[in-house]
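Raw contents of work25.cif, mmCIF, C-alpha atoms and all ligand atoms:
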data_my_file
#
loop_
_atom_site.label_atom_id
_atom_site.label_comp_id
_atom_site.auth_asym_id
_atom_site.auth_seq_id
_atom_site.Cartn_x
_atom_site.Cartn_y
_atom_site.Cartn_z
CA MET A 8 0.00 0.00 0.00
CA ILE A 9 1.07 3.58 -0.64
CA GLU A 10 2.45 5.18 2.50
CA ASN A 11 0.05 7.11 4.64
CA LYS A 12 2.21 10.27 4.42
CA ILE A 13 0.68 10.95 0.98
CA LYS A 14 -2.24 12.45 2.93
CA GLU A 15 0.10 15.22 4.08
CA ASP A 16 0.35 16.46 0.49
CA PHE A 17 -3.38 17.23 0.47
CA PRO A 18 -4.10 20.26 2.69
CA ILE A 19 -7.88 19.87 2.43
CA LEU A 20 -7.67 16.54 4.24
CA ASN A 21 -6.94 18.51 7.45
CA ARG A 22 -10.43 19.96 7.42
CA THR A 23 -12.77 18.99 10.19
CA PHE A 24 -16.55 19.07 10.44
CA GLY A 25 -17.52 19.42 14.09
CA LYS A 26 -15.28 16.94 15.84
CA ASN A 27 -14.86 14.75 12.77
CA LYS A 28 -11.91 14.95 10.43
CA ILE A 29 -12.87 14.80 6.76
CA VAL A 30 -12.93 11.35 5.14
CA TYR A 31 -13.02 12.12 1.45
CA LEU A 32 -14.57 9.27 -0.53
CA ASP A 33 -15.89 11.21 -3.51
CA SER A 34 -12.89 11.25 -5.81
CA ALA A 35 -14.89 9.86 -8.72
CA ALA A 36 -16.71 13.23 -8.71
CA THR A 37 -13.52 15.27 -8.33
CA TYR A 38 -10.09 14.58 -6.89
CA GLN A 39 -8.44 16.59 -4.16
CA LYS A 40 -5.35 18.56 -5.13
CA PRO A 41 -1.88 18.04 -3.71
CA ARG A 42 0.28 21.00 -2.62
CA GLN A 43 2.45 20.33 -5.67
CA VAL A 44 -0.46 21.15 -8.02
CA ILE A 45 -1.68 24.11 -5.98
CA GLY A 46 1.94 25.36 -5.80
CA ALA A 47 2.48 25.03 -9.55
CA ILE A 48 -0.61 27.17 -10.20
CA SER A 49 0.48 29.85 -7.67
CA ASN A 50 3.98 29.78 -9.11
CA TYR A 51 2.54 30.32 -12.58
CA TYR A 52 0.60 33.39 -11.45
CA GLU A 53 3.39 34.74 -9.29
CA ASN A 54 6.13 34.35 -11.87
CA TYR A 55 4.93 33.62 -15.39
CA ASN A 56 1.43 34.97 -16.00
CA SER A 57 1.11 36.54 -19.44
CA ASN A 58 -0.79 35.65 -22.57
CA VAL A 59 0.69 32.87 -24.64
CA HIS A 60 1.58 32.70 -28.35
CA ARG A 61 1.30 36.43 -28.96
CA GLY A 62 4.20 37.96 -27.06
CA ILE A 63 7.75 38.60 -28.21
CA TYR A 64 8.88 39.47 -24.68
CA THR A 65 10.50 36.91 -22.40
CA LEU A 66 7.61 36.53 -19.93
CA SER A 67 5.20 35.58 -22.70
CA GLU A 68 7.75 33.23 -24.22
CA GLU A 69 8.11 31.53 -20.84
CA ALA A 70 4.35 31.16 -20.43
CA THR A 71 4.10 29.82 -23.99
CA ASN A 72 6.81 27.33 -23.16
CA LEU A 73 4.99 26.16 -20.04
CA TYR A 74 1.82 25.64 -22.09
CA LYS A 75 3.74 23.75 -24.78
CA THR A 76 5.54 21.61 -22.20
CA ALA A 77 2.22 20.73 -20.56
CA ARG A 78 0.91 19.47 -23.90
CA GLU A 79 4.03 17.37 -24.40
CA LYS A 80 3.74 16.00 -20.88
CA VAL A 81 0.12 14.91 -21.49
CA ALA A 82 1.10 13.30 -24.80
CA THR A 83 3.86 11.23 -23.19
CA PHE A 84 1.65 10.31 -20.22
CA ILE A 85 -1.01 8.70 -22.44
CA GLY A 86 1.33 7.27 -25.07
CA ALA A 87 0.35 9.65 -27.89
CA THR A 88 2.88 9.70 -30.70
CA ASN A 89 2.72 13.45 -31.26
CA SER A 90 1.84 16.33 -28.92
CA SER A 91 -0.11 18.03 -31.73
CA GLU A 92 -2.71 15.28 -31.21
CA ILE A 93 -3.50 16.72 -27.77
CA ILE A 94 -6.31 19.29 -27.77
CA PHE A 95 -6.96 21.09 -24.50
CA THR A 96 -10.66 21.33 -23.66
CA LYS A 97 -12.45 22.12 -20.42
CA GLY A 98 -13.09 18.46 -19.67
CA VAL A 99 -14.45 15.16 -20.94
CA THR A 100 -17.88 16.60 -21.62
CA GLU A 101 -16.47 19.20 -23.98
CA SER A 102 -14.11 16.67 -25.60
CA LEU A 103 -16.99 14.28 -26.37
CA ASN A 104 -19.16 17.12 -27.70
CA ARG A 105 -16.32 18.19 -30.00
CA ILE A 106 -16.02 14.70 -31.42
CA ALA A 107 -19.79 14.55 -31.83
CA PHE A 108 -20.37 17.87 -33.55
CA SER A 109 -17.04 18.64 -35.25
CA PHE A 110 -16.56 15.13 -36.53
CA LEU A 111 -19.30 12.54 -36.13
CA ALA A 112 -22.18 14.74 -37.34
CA GLN A 113 -20.33 15.03 -40.68
CA TYR A 114 -19.14 11.41 -40.70
CA VAL A 115 -22.38 9.45 -40.26
CA THR A 116 -25.45 9.53 -42.46
CA LYS A 117 -28.98 8.12 -42.40
CA GLY A 118 -29.05 4.41 -41.64
CA ASP A 119 -25.56 4.29 -40.07
CA GLU A 120 -25.29 2.97 -36.52
CA ILE A 121 -23.59 4.42 -33.46
CA ILE A 122 -23.06 2.06 -30.52
CA VAL A 123 -23.24 3.40 -26.95
CA VAL A 124 -23.08 1.53 -23.63
CA GLU A 125 -26.12 1.44 -21.37
CA ALA A 126 -24.01 1.90 -18.22
CA ASP A 127 -22.30 5.04 -19.46
CA HIS A 128 -22.36 8.59 -18.14
CA HIS A 129 -24.88 10.97 -19.75
CA SER A 130 -21.94 12.87 -21.28
CA ASN A 131 -21.12 9.73 -23.23
CA ILE A 132 -24.70 9.13 -24.39
CA VAL A 133 -26.46 12.42 -25.07
CA PRO A 134 -24.03 13.98 -27.61
CA TRP A 135 -24.22 10.81 -29.76
CA GLN A 136 -28.00 10.74 -29.39
CA ILE A 137 -28.22 14.30 -30.73
CA VAL A 138 -25.92 13.42 -33.64
CA ALA A 139 -28.17 10.46 -34.43
CA GLU A 140 -31.24 12.72 -34.33
CA LYS A 141 -29.61 15.29 -36.61
CA THR A 142 -28.25 12.83 -39.16
CA GLY A 143 -30.80 10.02 -39.19
CA ALA A 144 -28.21 7.59 -37.82
CA LYS A 145 -29.41 5.02 -35.30
CA LEU A 146 -28.26 4.75 -31.70
CA VAL A 147 -27.67 1.12 -30.76
CA VAL A 148 -27.36 0.33 -27.06
CA LEU A 149 -24.80 -2.22 -25.90
CA PRO A 150 -26.04 -3.77 -22.64
CA VAL A 151 -23.92 -4.77 -19.65
CA ASP A 152 -24.53 -8.17 -18.05
CA ALA A 153 -25.76 -8.85 -14.52
CA ASN A 154 -22.19 -8.53 -13.27
CA GLY A 155 -21.84 -5.06 -14.80
CA GLU A 156 -19.49 -6.33 -17.50
CA ILE A 157 -19.51 -6.09 -21.30
CA ASP A 158 -19.92 -9.44 -23.02
CA LEU A 159 -17.74 -9.50 -26.14
CA LYS A 160 -20.08 -12.03 -27.74
CA ILE A 161 -22.82 -9.38 -27.69
CA VAL A 162 -20.41 -6.79 -29.11
CA LYS A 163 -19.61 -9.16 -31.99
CA ARG A 164 -23.31 -9.70 -32.57
CA LEU A 165 -23.97 -5.95 -32.79
CA LEU A 166 -21.13 -5.19 -35.19
CA SER A 167 -22.10 -4.93 -38.85
CA ASP A 168 -21.34 -2.86 -41.93
CA LYS A 169 -23.87 -0.32 -40.68
CA VAL A 170 -21.91 0.46 -37.51
CA LYS A 171 -19.62 3.45 -38.03
CA PHE A 172 -18.76 4.50 -34.48
CA ILE A 173 -18.56 3.06 -30.97
CA ALA A 174 -18.55 5.31 -27.89
CA LEU A 175 -17.70 3.65 -24.61
CA SER A 176 -16.09 4.46 -21.32
CA HIS A 177 -12.84 2.86 -20.24
CA THR A 178 -14.20 2.32 -16.72
CA SER A 179 -17.74 2.82 -15.46
CA ASN A 180 -18.30 5.66 -12.99
CA VAL A 181 -20.96 3.62 -11.14
CA LEU A 182 -20.17 -0.06 -11.61
CA GLY A 183 -16.43 0.54 -11.44
CA THR A 184 -15.97 -2.04 -14.20
CA ILE A 185 -12.90 -1.78 -16.39
CA PHE A 186 -14.36 -2.43 -19.83
CA PRO A 187 -12.48 -4.50 -22.47
CA VAL A 188 -11.56 -1.47 -24.57
CA LYS A 189 -8.56 -3.04 -26.27
CA GLU A 190 -10.54 -6.08 -27.41
CA ILE A 191 -13.43 -3.91 -28.64
CA CYS A 192 -11.02 -1.65 -30.56
CA LYS A 193 -9.50 -4.74 -32.19
CA LEU A 194 -12.91 -5.99 -33.33
CA ALA A 195 -13.88 -2.49 -34.52
CA ARG A 196 -10.65 -1.90 -36.43
CA LYS A 197 -11.15 -5.05 -38.51
CA MET A 198 -14.46 -3.59 -39.71
CA GLY A 199 -13.29 -0.01 -40.16
CA ILE A 200 -15.37 1.22 -37.20
CA LEU A 201 -14.06 4.18 -35.20
CA VAL A 202 -13.91 4.01 -31.38
CA SER A 203 -14.09 6.91 -28.92
CA VAL A 204 -13.16 6.19 -25.31
CA ASP A 205 -14.29 8.23 -22.31
CA GLY A 206 -11.32 7.89 -19.97
CA ALA A 207 -12.65 10.12 -17.15
CA GLN A 208 -12.51 7.34 -14.57
CA ALA A 209 -9.56 5.45 -16.07
CA VAL A 210 -6.72 7.93 -16.48
CA PRO A 211 -6.23 8.46 -12.71
CA HIS A 212 -6.19 4.71 -12.06
CA LEU A 213 -4.58 2.83 -14.94
CA GLN A 214 -1.53 3.34 -17.10
CA VAL A 215 -3.37 4.43 -20.23
CA ASP A 216 -1.59 4.03 -23.55
CA VAL A 217 -3.75 5.20 -26.43
CA SER A 218 -1.45 3.63 -29.01
CA SER A 219 -1.65 0.16 -27.53
CA LEU A 220 -5.40 0.48 -26.79
CA GLY A 221 -5.95 1.04 -30.51
CA CYS A 222 -8.76 3.59 -30.10
CA ASP A 223 -9.32 6.60 -32.36
CA PHE A 224 -10.37 9.20 -29.76
CA TYR A 225 -9.63 9.34 -26.03
CA SER A 226 -10.98 11.98 -23.63
CA PHE A 227 -10.38 12.85 -19.98
CA SER A 228 -10.70 15.63 -17.38
CA GLY A 229 -7.88 17.23 -15.39
CA HIS A 230 -9.91 17.58 -12.21
CA LYS A 231 -10.40 13.81 -12.10
CA MET A 232 -6.65 13.18 -11.90
CA LEU A 233 -5.52 15.61 -9.16
CA GLY A 234 -5.40 18.55 -11.59
CA PRO A 235 -7.53 21.70 -11.60
CA MET A 236 -11.07 22.08 -12.88
CA GLY A 237 -11.64 23.65 -16.29
CA ILE A 238 -8.95 21.73 -18.16
CA GLY A 239 -9.40 18.50 -20.06
CA VAL A 240 -7.99 16.63 -22.99
CA LEU A 241 -9.20 15.36 -26.31
CA TRP A 242 -6.70 13.05 -27.97
CA ALA A 243 -7.38 11.84 -31.49
CA LYS A 244 -5.32 10.36 -34.28
CA LYS A 245 -3.77 13.10 -36.40
CA GLU A 246 -5.57 12.07 -39.59
CA LEU A 247 -8.92 12.35 -37.79
CA LEU A 248 -8.10 15.73 -36.28
CA GLU A 249 -7.15 16.93 -39.76
CA LYS A 250 -10.71 16.04 -40.87
CA MET A 251 -12.41 17.64 -37.85
CA LEU A 252 -14.08 21.01 -38.21
CA PRO A 253 -13.11 23.80 -35.85
CA TYR A 254 -15.56 24.14 -32.98
CA GLU A 255 -15.04 27.77 -32.14
CA TYR A 256 -13.78 30.52 -34.41
CA GLY A 257 -11.70 33.59 -33.62
CA GLY A 258 -8.22 34.59 -32.51
CA GLY A 259 -5.53 31.97 -32.02
CA MET A 260 -7.00 29.44 -34.49
CA ILE A 261 -6.63 31.20 -37.82
CA LYS A 262 -3.89 31.24 -40.43
CA THR A 263 -5.29 34.12 -42.49
CA VAL A 264 -8.34 36.34 -42.20
CA ASP A 265 -9.93 38.01 -45.17
CA PHE A 266 -13.47 39.32 -45.57
CA LYS A 267 -14.03 36.85 -48.41
CA GLU A 268 -12.62 33.82 -46.63
CA SER A 269 -10.45 32.91 -43.66
CA THR A 270 -8.16 29.90 -43.25
CA TRP A 271 -7.35 27.83 -40.19
CA ASP A 272 -4.12 27.21 -38.35
CA ASP A 273 -2.62 23.72 -38.06
CA ILE A 274 -3.66 21.31 -35.31
CA PRO A 275 -3.80 21.68 -32.33
CA SER A 276 -4.19 25.52 -32.50
CA ARG A 277 -7.11 25.14 -34.94
CA PHE A 278 -9.15 23.76 -32.05
CA GLU A 279 -8.09 26.21 -29.36
CA ALA A 280 -9.62 29.56 -30.26
CA GLY A 281 -9.17 32.47 -27.84
CA THR A 282 -6.95 32.70 -24.78
CA PRO A 283 -6.31 29.18 -23.55
CA ASN A 284 -6.43 27.90 -20.00
CA VAL A 285 -2.69 28.14 -19.32
CA GLU A 286 -3.15 27.91 -15.55
CA GLY A 287 -5.13 24.68 -16.08
CA ALA A 288 -2.50 23.19 -18.37
CA VAL A 289 0.27 24.05 -15.90
CA GLY A 290 -1.73 22.48 -13.04
CA LEU A 291 -2.47 19.38 -15.13
CA ALA A 292 1.23 18.97 -15.96
CA ALA A 293 2.04 19.20 -12.23
CA ALA A 294 -0.61 16.56 -11.49
CA ILE A 295 0.95 14.24 -14.06
CA SER A 296 4.40 14.76 -12.53
CA TYR A 297 2.94 13.91 -9.13
CA LEU A 298 1.26 10.73 -10.44
CA GLU A 299 4.41 9.69 -12.29
CA GLU A 300 6.47 10.09 -9.16
CA ILE A 301 4.22 7.68 -7.27
CA GLY A 302 3.94 5.43 -10.32
CA MET A 303 0.71 4.36 -11.98
CA ALA A 304 1.38 0.69 -11.21
CA ASN A 305 1.65 1.54 -7.48
CA ILE A 306 -1.52 3.61 -7.66
CA GLN A 307 -3.42 0.77 -9.30
CA ALA A 308 -2.14 -1.76 -6.76
CA HIS A 309 -3.09 0.53 -3.84
CA GLU A 310 -6.60 1.03 -5.19
CA GLU A 311 -7.07 -2.64 -5.91
CA GLU A 312 -6.14 -3.53 -2.34
CA LEU A 313 -8.41 -0.86 -0.87
CA THR A 314 -11.30 -1.78 -3.18
CA ALA A 315 -10.95 -5.49 -2.39
CA TYR A 316 -11.05 -4.63 1.32
CA ALA A 317 -14.09 -2.38 0.87
CA LEU A 318 -15.91 -5.02 -1.19
CA THR A 319 -15.29 -7.65 1.50
CA GLU A 320 -16.40 -5.41 4.36
CA LEU A 321 -19.46 -4.03 2.52
CA ALA A 322 -20.58 -7.55 1.61
CA LYS A 323 -20.85 -8.32 5.34
CA ILE A 324 -23.55 -5.67 5.82
CA SER A 325 -27.05 -7.12 5.61
CA LYS A 326 -29.49 -5.77 3.02
CA LEU A 327 -26.60 -4.06 1.19
CA SER A 328 -26.14 -4.87 -2.51
CA ILE A 329 -23.00 -3.95 -4.37
CA LEU A 330 -23.31 -2.80 -7.99
CA GLY A 331 -20.81 -4.15 -10.48
CA PRO A 332 -18.26 -6.96 -10.37
CA LEU A 333 -17.20 -8.32 -6.99
CA ASP A 334 -13.63 -8.92 -8.12
CA ALA A 335 -11.47 -5.86 -7.36
CA LYS A 336 -9.17 -6.75 -10.27
CA LYS A 337 -12.01 -6.00 -12.67
CA ARG A 338 -12.62 -2.54 -11.19
CA CYS A 339 -11.22 0.88 -10.59
CA GLY A 340 -11.33 2.27 -7.05
CA LEU A 341 -15.01 2.94 -6.55
CA VAL A 342 -17.90 0.98 -5.10
CA SER A 343 -21.58 1.86 -5.50
CA PHE A 344 -24.20 0.16 -3.41
CA VAL A 345 -27.84 0.22 -2.36
CA ILE A 346 -29.36 -0.70 0.99
CA ALA A 347 -32.87 -2.12 0.77
CA GLY A 348 -35.42 0.23 2.32
CA ILE A 349 -33.06 3.19 2.82
CA HIS A 350 -32.67 6.08 0.37
CA SER A 351 -29.10 6.80 -0.74
CA HIS A 352 -29.49 10.51 0.15
CA ASP A 353 -30.30 9.54 3.75
CA ILE A 354 -27.22 7.33 3.98
CA ALA A 355 -25.05 10.11 2.51
CA SER A 356 -26.55 12.58 4.93
CA VAL A 357 -25.78 10.46 8.03
CA LEU A 358 -22.26 9.86 6.69
CA SER A 359 -21.85 13.61 6.14
CA ASP A 360 -22.60 14.21 9.83
CA LEU A 361 -19.61 11.95 10.52
CA GLY A 362 -17.37 13.94 8.15
CA ILE A 363 -17.56 11.24 5.44
CA CYS A 364 -18.05 12.53 1.89
CA VAL A 365 -19.75 10.09 -0.50
CA ARG A 366 -21.98 10.69 -3.51
CA SER A 367 -25.58 9.68 -3.72
CA GLY A 368 -28.05 9.81 -6.59
CA GLN A 369 -27.82 8.49 -10.12
CA HIS A 370 -24.30 9.76 -10.88
CA CYS A 371 -25.40 10.89 -14.37
CA THR A 372 -26.34 7.32 -15.34
CA MET A 373 -30.13 7.39 -15.44
CA PRO A 374 -30.49 4.55 -18.00
CA LEU A 375 -28.33 2.26 -15.85
CA HIS A 376 -30.36 3.00 -12.73
CA VAL A 377 -33.59 2.37 -14.64
CA LYS A 378 -32.25 -0.97 -15.89
CA LEU A 379 -31.20 -1.96 -12.36
CA CYS A 380 -34.66 -0.91 -11.10
CA ILE A 381 -33.18 1.37 -8.45
CA SER A 382 -33.96 5.04 -7.99
CA SER A 383 -30.45 5.91 -6.79
CA SER A 384 -27.27 4.50 -5.28
CA THR A 385 -24.51 5.55 -2.88
CA ARG A 386 -20.99 5.67 -4.27
CA ALA A 387 -17.73 5.62 -2.29
CA SER A 388 -14.60 6.21 -4.32
CA PHE A 389 -11.03 5.73 -3.14
CA TYR A 390 -7.72 7.17 -4.18
CA ILE A 391 -4.10 7.36 -3.12
CA TYR A 392 -4.90 9.57 -0.12
CA ASN A 393 -7.32 6.97 1.30
CA ASP A 394 -6.40 4.02 3.46
CA LYS A 395 -8.08 1.12 5.24
CA LYS A 396 -8.91 3.39 8.18
CA ASP A 397 -11.10 5.43 5.83
CA VAL A 398 -12.85 2.26 4.66
CA ASN A 399 -13.40 1.23 8.30
CA LEU A 400 -14.92 4.63 9.06
CA LEU A 401 -17.21 4.23 6.05
CA ILE A 402 -18.32 0.79 7.19
CA ASP A 403 -18.98 2.02 10.75
CA GLY A 404 -20.85 5.02 9.30
CA ILE A 405 -23.06 2.80 7.14
CA LYS A 406 -23.87 0.61 10.15
CA LYS A 407 -24.77 3.72 12.12
CA ALA A 408 -26.94 4.97 9.24
CA LYS A 409 -28.74 1.64 9.19
CA GLU A 410 -29.37 1.86 12.93
CA ILE A 411 -30.76 5.38 12.65
CA LEU A 412 -32.72 4.92 9.42
CA GLY A 413 -33.50 1.22 9.34
N1 LIG B 501 -17.66 10.45 -18.08
C1 LIG B 501 -17.51 9.82 -16.91
C2 LIG B 501 -17.32 8.33 -16.88
C3 LIG B 501 -17.52 10.57 -15.71
O1 LIG B 501 -17.37 9.95 -14.55
C4 LIG B 501 -17.69 11.97 -15.79
C5 LIG B 501 -17.75 12.81 -14.52
N2 LIG B 501 -18.57 12.32 -13.54
C6 LIG B 501 -17.83 12.56 -17.04
C7 LIG B 501 -17.82 11.78 -18.16
C8 LIG B 501 -17.98 14.05 -17.19
O2 LIG B 501 -16.79 14.67 -16.78
P1 LIG B 501 -16.66 16.27 -16.70
O3 LIG B 501 -17.78 16.72 -15.84
O4 LIG B 501 -15.31 16.49 -16.09
O5 LIG B 501 -16.76 16.77 -18.09
#
Produce structure tokens that represent the structure in this file.
Amino acid sequence: MIENKIKEDFPILNRTFGKNKIVYLDSAATYQKPRQVIGAISNYYENYNSNVHRGIYTLSEEATNLYKTAREKVATFIGATNSSEIIFTKGVTESLNRIAFSFLAQYVTKGDEIIVVEADHHSNIVPWQIVAEKTGAKLVVLPVDANGEIDLKIVKRLLSDKVKFIALSHTSNVLGTIFPVKEICKLARKMGILVSVDGAQAVPHLQVDVSSLGCDFYSFSGHKMLGPMGIGVLWAKKELLEKMLPYEYGGGMIKTVDFKESTWDDIPSRFEAGTPNVEGAVGLAAAISYLEEIGMANIQAHEEELTAYALTELAKISKLSILGPLDAKKRCGLVSFVIAGIHSHDIASVLSDLGICVRSGQHCTMPLHVKLCISSSTRASFYIYNDKKDVNLLIDGIKKAKEILG
């Protein structure tokens, strides 16, 4: 397990609520930030702040360099072959919308099929649904089995000449399942089908390598990997980015402007109109450095151990059902559950009184909750700053909630 002193890097974990110290188990919603990330952002504002690209003076060159280095750092972190394939966005939601409306809406036509996964986040369903509505393409829903896993036999059955695009998440934000992205990409590639992967819940947990995964698009959010809010990434193969339409128009993305016609800059600038989020990019680069220092393999092992422990302890609680696979090796570090007869908001509220932060509701996966015939669920998510003590406090808190509410 990762040493407990990691907690010291996260100032917010010193907060108390009444006499209870915070137990932060809501990382799947957003991750806490280490001093190293907060420091990198302050350092940027204290020493480098100026607008990028446009300045000849040293300060602006330095800021431009920081922005460029952040892009290169992201590219190396996810195994992209070229940093020009990294487009900064404000997060996964924007990245997926860009793929949908700057690419897919022009790529599919009436009768084509787009496959989405029934367990996925609304951000990875709704943009494709709108594209289907606009183009006459059909949305085909890939189900998950009773274990919360994707059955490759069903994938094979759904694939046909009509399918042009598959959108799936790398790991589910409710079931925790790590989906077989590599295998799906392999099947898709043979049939010339493009694959977009929502990596929001995978990038902080697994060593992601877009080249070896074999996908065509990969998206993630900075705030879900210890970085700041408001910065995210869209990675796509260069030849696809070259075909994508700009999303916003204005300064920073043009080559020439003329009242008859304007022309666009090369990628990635073509997709980053206006003043970019330099602070966000700098913070994201610092988050990546922090993760690299700990090592993604160590992070994954830590989470697996903590998740296995949580799954074992939660399974001992009567009337509690765990959503998703029961094998920690098949999951990232989150566990969602329901307790028969008790609303998830009530559980979360009792836990909050104990200083324990968990999420309750549908976690932006309404179709999944409808399929499971549950109105909501409680989700506890773990990261490097959590340990078994936190899991024990969660378990005690749930028992207390059951006593009070049951
Ligand atoms: N996809 C998944 C799997 C998520 O967990 C989330 C965030 N809950 C999103 C997409 C949307 O991320 P963001 O709000 O950072 O755009």
Within 10 Å of ligand LIG 501 (chain B), which residues of chain A come that close, and what is the closest atom pair and distance in Å for each? Count only C-alpha atoms and all ligand atoms and give it as JSON lines.
{"residue": "A:Ser34", "atom": "CA", "partner": "B:LIG501", "partner_atom": "N2", "distance": 9.7}
{"residue": "A:Ala35", "atom": "CA", "partner": "B:LIG501", "partner_atom": "O1", "distance": 6.3}
{"residue": "A:Ala36", "atom": "CA", "partner": "B:LIG501", "partner_atom": "N2", "distance": 5.3}
{"residue": "A:Thr37", "atom": "CA", "partner": "B:LIG501", "partner_atom": "N2", "distance": 7.8}
{"residue": "A:Thr96", "atom": "CA", "partner": "B:LIG501", "partner_atom": "O5", "distance": 9.4}
{"residue": "A:Lys97", "atom": "CA", "partner": "B:LIG501", "partner_atom": "O5", "distance": 7.3}
{"residue": "A:Gly98", "atom": "CA", "partner": "B:LIG501", "partner_atom": "O5", "distance": 4.3}
{"residue": "A:Val99", "atom": "CA", "partner": "B:LIG501", "partner_atom": "O5", "distance": 4.0}
{"residue": "A:Thr100", "atom": "CA", "partner": "B:LIG501", "partner_atom": "O5", "distance": 3.7}
{"residue": "A:Glu101", "atom": "CA", "partner": "B:LIG501", "partner_atom": "O5", "distance": 6.4}
{"residue": "A:Ser102", "atom": "CA", "partner": "B:LIG501", "partner_atom": "O5", "distance": 8.0}
{"residue": "A:Leu103", "atom": "CA", "partner": "B:LIG501", "partner_atom": "C7", "distance": 8.6}
{"residue": "A:Asn104", "atom": "CA", "partner": "B:LIG501", "partner_atom": "O5", "distance": 9.9}
{"residue": "A:Ala126", "atom": "CA", "partner": "B:LIG501", "partner_atom": "C2", "distance": 9.4}
{"residue": "A:Asp127", "atom": "CA", "partner": "B:LIG501", "partner_atom": "C2", "distance": 6.5}
{"residue": "A:His128", "atom": "CA", "partner": "B:LIG501", "partner_atom": "N1", "distance": 5.1}
{"residue": "A:His129", "atom": "CA", "partner": "B:LIG501", "partner_atom": "C7", "distance": 7.3}
{"residue": "A:Ser130", "atom": "CA", "partner": "B:LIG501", "partner_atom": "C7", "distance": 5.3}
{"residue": "A:Asn131", "atom": "CA", "partner": "B:LIG501", "partner_atom": "N1", "distance": 6.2}
{"residue": "A:Ile132", "atom": "CA", "partner": "B:LIG501", "partner_atom": "N1", "distance": 9.5}
{"residue": "A:Leu175", "atom": "CA", "partner": "B:LIG501", "partner_atom": "C2", "distance": 9.0}
{"residue": "A:Ser176", "atom": "CA", "partner": "B:LIG501", "partner_atom": "C2", "distance": 6.0}
{"residue": "A:His177", "atom": "CA", "partner": "B:LIG501", "partner_atom": "C2", "distance": 7.8}
{"residue": "A:Thr178", "atom": "CA", "partner": "B:LIG501", "partner_atom": "C2", "distance": 6.8}
{"residue": "A:Ser179", "atom": "CA", "partner": "B:LIG501", "partner_atom": "C2", "distance": 5.7}
{"residue": "A:Asn180", "atom": "CA", "partner": "B:LIG501", "partner_atom": "O1", "distance": 4.7}
{"residue": "A:Val181", "atom": "CA", "partner": "B:LIG501", "partner_atom": "O1", "distance": 8.0}
{"residue": "A:Gly183", "atom": "CA", "partner": "B:LIG501", "partner_atom": "C2", "distance": 9.5}
{"residue": "A:Val204", "atom": "CA", "partner": "B:LIG501", "partner_atom": "N1", "distance": 9.5}
{"residue": "A:Asp205", "atom": "CA", "partner": "B:LIG501", "partner_atom": "N1", "distance": 5.8}
{"residue": "A:Gly206", "atom": "CA", "partner": "B:LIG501", "partner_atom": "C2", "distance": 6.8}
{"residue": "A:Ala207", "atom": "CA", "partner": "B:LIG501", "partner_atom": "C1", "distance": 4.9}
{"residue": "A:Gln208", "atom": "CA", "partner": "B:LIG501", "partner_atom": "C2", "distance": 5.4}
{"residue": "A:Ala209", "atom": "CA", "partner": "B:LIG501", "partner_atom": "C2", "distance": 8.3}
{"residue": "A:Ser226", "atom": "CA", "partner": "B:LIG501", "partner_atom": "C7", "distance": 8.8}
{"residue": "A:Phe227", "atom": "CA", "partner": "B:LIG501", "partner_atom": "O4", "distance": 7.3}
{"residue": "A:Ser228", "atom": "CA", "partner": "B:LIG501", "partner_atom": "O4", "distance": 4.9}
{"residue": "A:Gly229", "atom": "CA", "partner": "B:LIG501", "partner_atom": "O4", "distance": 7.5}
{"residue": "A:His230", "atom": "CA", "partner": "B:LIG501", "partner_atom": "O4", "distance": 6.7}
{"residue": "A:Lys231", "atom": "CA", "partner": "B:LIG501", "partner_atom": "O4", "distance": 6.9}
{"residue": "A:Met236", "atom": "CA", "partner": "B:LIG501", "partner_atom": "O4", "distance": 7.7}
{"residue": "A:Gly237", "atom": "CA", "partner": "B:LIG501", "partner_atom": "O4", "distance": 8.0}
{"residue": "A:Ile238", "atom": "CA", "partner": "B:LIG501", "partner_atom": "O4", "distance": 8.5}
{"residue": "A:Gly239", "atom": "CA", "partner": "B:LIG501", "partner_atom": "O4", "distance": 7.4}
{"residue": "A:His370", "atom": "CA", "partner": "B:LIG501", "partner_atom": "N2", "distance": 6.8}
{"residue": "A:Cys371", "atom": "CA", "partner": "B:LIG501", "partner_atom": "N2", "distance": 7.0}
{"residue": "A:Thr372", "atom": "CA", "partner": "B:LIG501", "partner_atom": "C2", "distance": 9.2}
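The spacing separating CA of Asp168 (chain A) from CA of Trp242 (chain A) amounts to 25.7 Å.
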Residue neighbourhood Phe172 (chain A), 6 Å, all atoms listed in the file, exclusion window fewer than 3 positions, as a ChimeraX atom specification: /A:121,200-202
Among listed residues A:Ile137, A:Leu330, A:Ile363, A:Val123, nearest Phe24 (chain A) (using only C-alpha atoms): A:Ile363
Nearby residues (only C-alpha atoms) at most 9 Å from Val147 (chain A), same-chain spacing under 5 positions excluded, as a list of chain:residue names: A:Glu120, A:Ile121, A:Ile122, A:Val123, A:Val124, A:Leu165, A:Val170
Nearest to Gln39 (chain A), chosen from A:Pro374, A:Pro235, A:Pro283, A:Gly25, with all atoms listed in the file counted in the distances: A:Pro235
